[in-house]
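Novice: Below is data-v6.pdb; it holds PDB, C-alpha atoms and all ligand atoms.
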```
ATOM      1  CA  MET A  17     -11.285  -5.551  13.232  1.00  0.00           C
ATOM      2  CA  ALA A  18     -10.355  -9.039  12.066  1.00  0.00           C
ATOM      3  CA  GLU A  19      -6.648  -9.557  11.565  1.00  0.00           C
ATOM      4  CA  THR A  20      -5.446  -9.980   7.980  1.00  0.00           C
ATOM      5  CA  LEU A  21      -2.367 -11.517   6.401  1.00  0.00           C
ATOM      6  CA  PHE A  22      -0.805  -8.051   6.332  1.00  0.00           C
ATOM      7  CA  SER A  23      -0.463  -8.209  10.142  1.00  0.00           C
ATOM      8  CA  LYS A  24       1.452 -11.454   9.676  1.00  0.00           C
ATOM      9  CA  ILE A  25       3.730  -9.731   7.151  1.00  0.00           C
ATOM     10  CA  ILE A  26       4.347  -6.915   9.660  1.00  0.00           C
ATOM     11  CA  ARG A  27       5.317  -9.511  12.284  1.00  0.00           C
ATOM     12  CA  ARG A  28       7.449 -11.385   9.705  1.00  0.00           C
ATOM     13  CA  GLU A  29       5.343 -14.508  10.177  1.00  0.00           C
ATOM     14  CA  ILE A  30       4.892 -14.823   6.424  1.00  0.00           C
ATOM     15  CA  PRO A  31       7.494 -13.716   3.904  1.00  0.00           C
ATOM     16  CA  ALA A  32       7.265 -10.584   1.804  1.00  0.00           C
ATOM     17  CA  ASP A  33       9.666  -8.588  -0.351  1.00  0.00           C
ATOM     18  CA  ILE A  34       9.904  -5.587   1.984  1.00  0.00           C
ATOM     19  CA  VAL A  35      11.229  -2.451   0.278  1.00  0.00           C
ATOM     20  CA  TYR A  36      10.585   0.280   2.871  1.00  0.00           C
ATOM     21  CA  GLU A  37       9.991   0.520   6.599  1.00  0.00           C
ATOM     22  CA  ASP A  38       9.788   3.214   9.244  1.00  0.00           C
ATOM     23  CA  ASP A  39       8.131   3.442  12.653  1.00  0.00           C
ATOM     24  CA  ASP A  40       4.618   3.709  11.205  1.00  0.00           C
ATOM     25  CA  VAL A  41       4.723   2.326   7.674  1.00  0.00           C
ATOM     26  CA  LEU A  42       5.755  -0.908   5.976  1.00  0.00           C
ATOM     27  CA  ALA A  43       5.969  -1.396   2.212  1.00  0.00           C
ATOM     28  CA  PHE A  44       6.387  -4.606   0.243  1.00  0.00           C
ATOM     29  CA  ARG A  45       6.003  -5.771  -3.349  1.00  0.00           C
ATOM     30  CA  ASP A  46       2.572  -7.022  -4.379  1.00  0.00           C
ATOM     31  CA  ILE A  47       2.493 -10.778  -4.896  1.00  0.00           C
ATOM     32  CA  GLN A  48       0.498 -10.299  -8.135  1.00  0.00           C
ATOM     33  CA  PRO A  49       2.065  -7.179  -9.648  1.00  0.00           C
ATOM     34  CA  GLN A  50      -0.076  -5.164 -12.066  1.00  0.00           C
ATOM     35  CA  ALA A  51       2.858  -3.063 -13.278  1.00  0.00           C
ATOM     36  CA  PRO A  52       6.667  -3.381 -13.404  1.00  0.00           C
ATOM     37  CA  VAL A  53       6.676  -1.676  -9.989  1.00  0.00           C
ATOM     38  CA  HIS A  54       3.764  -2.569  -7.701  1.00  0.00           C
ATOM     39  CA  VAL A  55       4.336  -1.881  -4.013  1.00  0.00           C
ATOM     40  CA  LEU A  56       1.817  -1.861  -1.154  1.00  0.00           C
ATOM     41  CA  PHE A  57       2.264   0.768   1.582  1.00  0.00           C
ATOM     42  CA  ILE A  58       0.485  -0.153   4.803  1.00  0.00           C
ATOM     43  CA  PRO A  59       0.248   1.406   8.248  1.00  0.00           C
ATOM     44  CA  LYS A  60       1.636  -0.819  10.986  1.00  0.00           C
ATOM     45  CA  ARG A  61      -1.460   0.045  12.996  1.00  0.00           C
ATOM     46  CA  ALA A  62      -4.264  -1.767  11.253  1.00  0.00           C
ATOM     47  CA  VAL A  63      -7.265   0.184   9.964  1.00  0.00           C
ATOM     48  CA  ALA A  64      -9.726  -1.837   7.869  1.00  0.00           C
ATOM     49  CA  THR A  65     -10.845   0.623   5.191  1.00  0.00           C
ATOM     50  CA  LEU A  66     -10.836   4.273   4.174  1.00  0.00           C
ATOM     51  CA  ASN A  67     -14.292   4.492   5.781  1.00  0.00           C
ATOM     52  CA  ASP A  68     -12.801   3.690   9.182  1.00  0.00           C
ATOM     53  CA  LEU A  69     -10.379   6.612   9.211  1.00  0.00           C
ATOM     54  CA  VAL A  70     -10.856   9.383  11.759  1.00  0.00           C
ATOM     55  CA  VAL A  71      -9.284  12.826  11.935  1.00  0.00           C
ATOM     56  CA  ASP A  72      -6.514  11.538  14.182  1.00  0.00           C
ATOM     57  CA  ASP A  73      -5.454   9.179  11.353  1.00  0.00           C
ATOM     58  CA  ALA A  74      -4.704  12.070   8.968  1.00  0.00           C
ATOM     59  CA  LEU A  75      -0.985  12.065   9.762  1.00  0.00           C
ATOM     60  CA  LEU A  76      -0.789   8.311   9.320  1.00  0.00           C
ATOM     61  CA  ILE A  77      -2.392   8.412   5.872  1.00  0.00           C
ATOM     62  CA  GLY A  78      -0.184  11.326   4.921  1.00  0.00           C
ATOM     63  CA  LYS A  79       2.816   9.219   5.861  1.00  0.00           C
ATOM     64  CA  LEU A  80       1.687   6.455   3.497  1.00  0.00           C
ATOM     65  CA  VAL A  81       1.502   8.923   0.611  1.00  0.00           C
ATOM     66  CA  LEU A  82       4.844  10.510   1.451  1.00  0.00           C
ATOM     67  CA  ALA A  83       6.507   7.118   1.805  1.00  0.00           C
ATOM     68  CA  ALA A  84       5.254   6.150  -1.659  1.00  0.00           C
ATOM     69  CA  ALA A  85       6.539   9.377  -3.228  1.00  0.00           C
ATOM     70  CA  THR A  86       9.881   8.998  -1.459  1.00  0.00           C
ATOM     71  CA  PHE A  87      10.178   5.432  -2.764  1.00  0.00           C
ATOM     72  CA  ALA A  88       9.353   6.515  -6.343  1.00  0.00           C
ATOM     73  CA  LYS A  89      12.056   9.198  -6.163  1.00  0.00           C
ATOM     74  CA  ARG A  90      14.572   6.783  -4.676  1.00  0.00           C
ATOM     75  CA  GLU A  91      13.869   4.213  -7.403  1.00  0.00           C
ATOM     76  CA  GLY A  92      14.165   6.834 -10.152  1.00  0.00           C
ATOM     77  CA  PHE A  93      10.686   6.736 -11.728  1.00  0.00           C
ATOM     78  CA  ALA A  94       9.079   9.684  -9.918  1.00  0.00           C
ATOM     79  CA  ASP A  95       9.590  12.121 -12.781  1.00  0.00           C
ATOM     80  CA  ALA A  96       8.274   9.654 -15.357  1.00  0.00           C
ATOM     81  CA  GLY A  97       5.209   9.232 -13.159  1.00  0.00           C
ATOM     82  CA  TYR A  98       3.223   6.639 -11.292  1.00  0.00           C
ATOM     83  CA  ARG A  99      -0.216   5.950  -9.842  1.00  0.00           C
ATOM     84  CA  THR A 100      -1.380   5.536  -6.253  1.00  0.00           C
ATOM     85  CA  VAL A 101      -4.641   3.783  -5.414  1.00  0.00           C
ATOM     86  CA  ILE A 102      -6.504   2.944  -2.213  1.00  0.00           C
ATOM     87  CA  ASN A 103      -9.359   0.537  -2.907  1.00  0.00           C
ATOM     88  CA  CYS A 104     -12.331   0.643  -0.520  1.00  0.00           C
ATOM     89  CA  ASN A 105     -14.811  -2.172   0.055  1.00  0.00           C
ATOM     90  CA  PRO A 106     -16.176  -4.565  -2.595  1.00  0.00           C
ATOM     91  CA  ASP A 107     -17.113  -2.060  -5.302  1.00  0.00           C
ATOM     92  CA  GLY A 108     -13.696  -0.462  -4.932  1.00  0.00           C
ATOM     93  CA  GLY A 109     -12.000  -3.805  -5.430  1.00  0.00           C
ATOM     94  CA  GLN A 110     -10.637  -4.143  -1.889  1.00  0.00           C
ATOM     95  CA  SER A 111      -9.710  -7.716  -1.006  1.00  0.00           C
ATOM     96  CA  VAL A 112      -7.513  -7.259   2.079  1.00  0.00           C
ATOM     97  CA  TYR A 113      -9.152  -5.360   4.943  1.00  0.00           C
ATOM     98  CA  HIS A 114      -6.034  -3.651   6.267  1.00  0.00           C
ATOM     99  CA  ILE A 115      -5.836  -0.293   4.536  1.00  0.00           C
ATOM    100  CA  HIS A 116      -3.086  -0.111   1.913  1.00  0.00           C
ATOM    101  CA  LEU A 117      -1.927   2.252  -0.773  1.00  0.00           C
ATOM    102  CA  HIS A 118      -0.943   0.685  -4.091  1.00  0.00           C
ATOM    103  CA  LEU A 119       2.016   2.326  -5.835  1.00  0.00           C
ATOM    104  CA  LEU A 120       2.100   1.382  -9.517  1.00  0.00           C
ATOM    105  CA  GLY A 121       4.844   2.491 -11.847  1.00  0.00           C
ATOM    106  CA  GLY A 122       7.189   1.561 -14.647  1.00  0.00           C
ATOM    107  CA  ARG A 123       4.629   1.722 -17.464  1.00  0.00           C
ATOM    108  CA  GLN A 124       2.040   4.080 -18.974  1.00  0.00           C
ATOM    109  CA  MET A 125      -1.160   3.939 -16.904  1.00  0.00           C
ATOM    110  CA  GLN A 126      -4.577   3.985 -18.590  1.00  0.00           C
ATOM    111  CA  TRP A 127      -7.573   6.093 -17.663  1.00  0.00           C
ATOM    112  CA  PRO A 128     -10.335   5.337 -16.881  1.00  0.00           C
ATOM    113  CA  PRO A 129      -9.341   2.227 -14.928  1.00  0.00           C
ATOM    114  CA  GLY A 130     -11.398  -0.923 -15.385  1.00  0.00           C
TER     115      GLY A 130
HETATM  116  P1  LIG B 201      -6.751  -4.836  -2.669  1.00  0.00           P
HETATM  117  O1  LIG B 201      -7.416  -5.723  -3.694  1.00  0.00           O
HETATM  118  O2  LIG B 201      -7.267  -5.154  -1.282  1.00  0.00           O
HETATM  119  O3  LIG B 201      -6.772  -3.380  -2.983  1.00  0.00           O
HETATM  120  O4  LIG B 201      -5.224  -5.213  -2.705  1.00  0.00           O
HETATM  121  C1  LIG B 201      -4.694  -6.307  -2.026  1.00  0.00           C
HETATM  122  C2  LIG B 201      -3.414  -6.653  -2.698  1.00  0.00           C
HETATM  123  O5  LIG B 201      -2.699  -7.536  -1.860  1.00  0.00           O
HETATM  124  C3  LIG B 201      -3.592  -7.369  -4.049  1.00  0.00           C
HETATM  125  O6  LIG B 201      -3.005  -6.586  -5.078  1.00  0.00           O
HETATM  126  C4  LIG B 201      -2.910  -8.702  -3.840  1.00  0.00           C
HETATM  127  O7  LIG B 201      -2.193  -9.140  -4.971  1.00  0.00           O
HETATM  128  C5  LIG B 201      -1.983  -8.425  -2.666  1.00  0.00           C
HETATM  129  N1  LIG B 201      -1.703  -9.597  -1.861  1.00  0.00           N
HETATM  130  C6  LIG B 201      -2.596 -10.519  -1.411  1.00  0.00           C
HETATM  131  N2  LIG B 201      -1.982 -11.451  -0.675  1.00  0.00           N
HETATM  132  C7  LIG B 201      -0.662 -11.110  -0.641  1.00  0.00           C
HETATM  133  C8  LIG B 201       0.481 -11.703  -0.015  1.00  0.00           C
HETATM  134  O8  LIG B 201       0.415 -12.718   0.670  1.00  0.00           O
HETATM  135  N3  LIG B 201       1.666 -11.062  -0.208  1.00  0.00           N
HETATM  136  C9  LIG B 201       1.771  -9.922  -0.951  1.00  0.00           C
HETATM  137  N4  LIG B 201       2.992  -9.391  -1.077  1.00  0.00           N
HETATM  138  N5  LIG B 201       0.714  -9.341  -1.544  1.00  0.00           N
HETATM  139  C10 LIG B 201      -0.494  -9.928  -1.389  1.00  0.00           C
END
```
Spit out the file's structure as structure tokens when you get a sec.

Specialist:
Amino acid sequence: MAETLFSKIIRREIPADIVYEDDDVLAFRDIQPQAPVHVLFIPKRAVATLNDLVVDDALLIGKLVLAAATFAKREGFADAGYRTVINCNPDGGQSVYHIHLHLLGGRQMQWPPG
């Protein structure tokens, strides 16, 4: 797959407000936040989209979700609630082709989304 700017963030070649890191996952604040808390959780091993996942990636995707929940608890808004989103391809609104989970919190979310 073509490399994206997220690989450069992983390598610290471009700056980002990194809020969480472990062996497999990096998380940083979105540059255009859509909520008071808007953090992107990405696997360090690049996968382009949800459609590219295989069974062996199940643990990796689970780690993204768990990292987001752990962050929400640590930051104190887990009980109030939050939203997680993974956009896929153009109709899903994906703009960066390195899979990422959006964690949005700190305000009441609306449903359905636009
Ligand atoms: P997508 O639209 O692919 O689901 O989400 C990509 C997200 O990456 C967008 O919310 C966008 O604001 C964010 N983004 C794009 N470029 C950068 C950047 O250079 N730094 C950070 N921190 N976020 C970015």

Novice: Pick from A:Gly121, A:Thr65, A:Val70, A:Leu80: nearest to A:Asp95, with all atoms listed in the file counted?

Specialist: A:Gly121

Novice: Counting all atoms listed in the file, name the residues that have an atom within 10 Å of an atom of ligand LIG 201 (chain B); the answer should be given as a ChimeraX atom specification.

Specialist: /A:20-22,24-25,30-34,43-50,54-56,65,101-106,108-118

Novice: One decimal, in Å: what's the spacing between atom CA of A:Pro59 and atom CA of A:Pro129?

Specialist: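 We find that atom CA of A:Pro59 and atom CA of A:Pro129 lie 25.1 Å from each other.
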
Novice: How many Å separate atom CA of A:Asp73 from atom CA of A:Arg61?

Specialist: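 Computing the Euclidean distance for atom CA of A:Asp73 and atom CA of A:Arg61 yields 10.1 Å.
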
Novice: Grab the atom CA of A:Leu120 to atom CA of A:Ala51 distance for me, in Å with one decimal place.

Specialist: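 Atom CA of A:Ala51 lies 5.9 Å from atom CA of A:Leu120.
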
Novice: Using only C-alpha atoms for the distances, tell me which of A:Leu119, A:Ala64, A:Val71, A:Met17 is nearest to A:Ala85.

Specialist: A:Leu119

Novice: When distances are computed from only C-alpha atoms, which of A:Tyr36, A:Gly78, A:Arg28, A:Glu19 shows the smallest separation from A:Ala62?

Specialist: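 Of all the options, A:Glu19 lies closest to A:Ala62.
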
Novice: Neighbours of A:Trp127 within 12 Å (all atoms listed in the file; same-chain residues fewer than 3 positions away dropped), as a PyMOL selection string?

Specialist: chain A and resi 99+124+130

Novice: Give me, as a PyMOL selection string, all polymer residues having an atom no more than 10 Å from A:Glu37, counting all atoms listed in the file and skipping those fewer than 4 positions away in the same chain.

Specialist: chain A and resi 26+41-44+57-60+83

Novice: Go through A:Val63, A:Ala96, A:Ala74, A:Met125 and flag the residue nearest A:Ala18, using all atoms listed in the file for the distances.

Specialist: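 Of A:Val63, A:Ala96, A:Ala74, A:Met125, the one nearest A:Ala18 is A:Val63, counting all atoms listed in the file.
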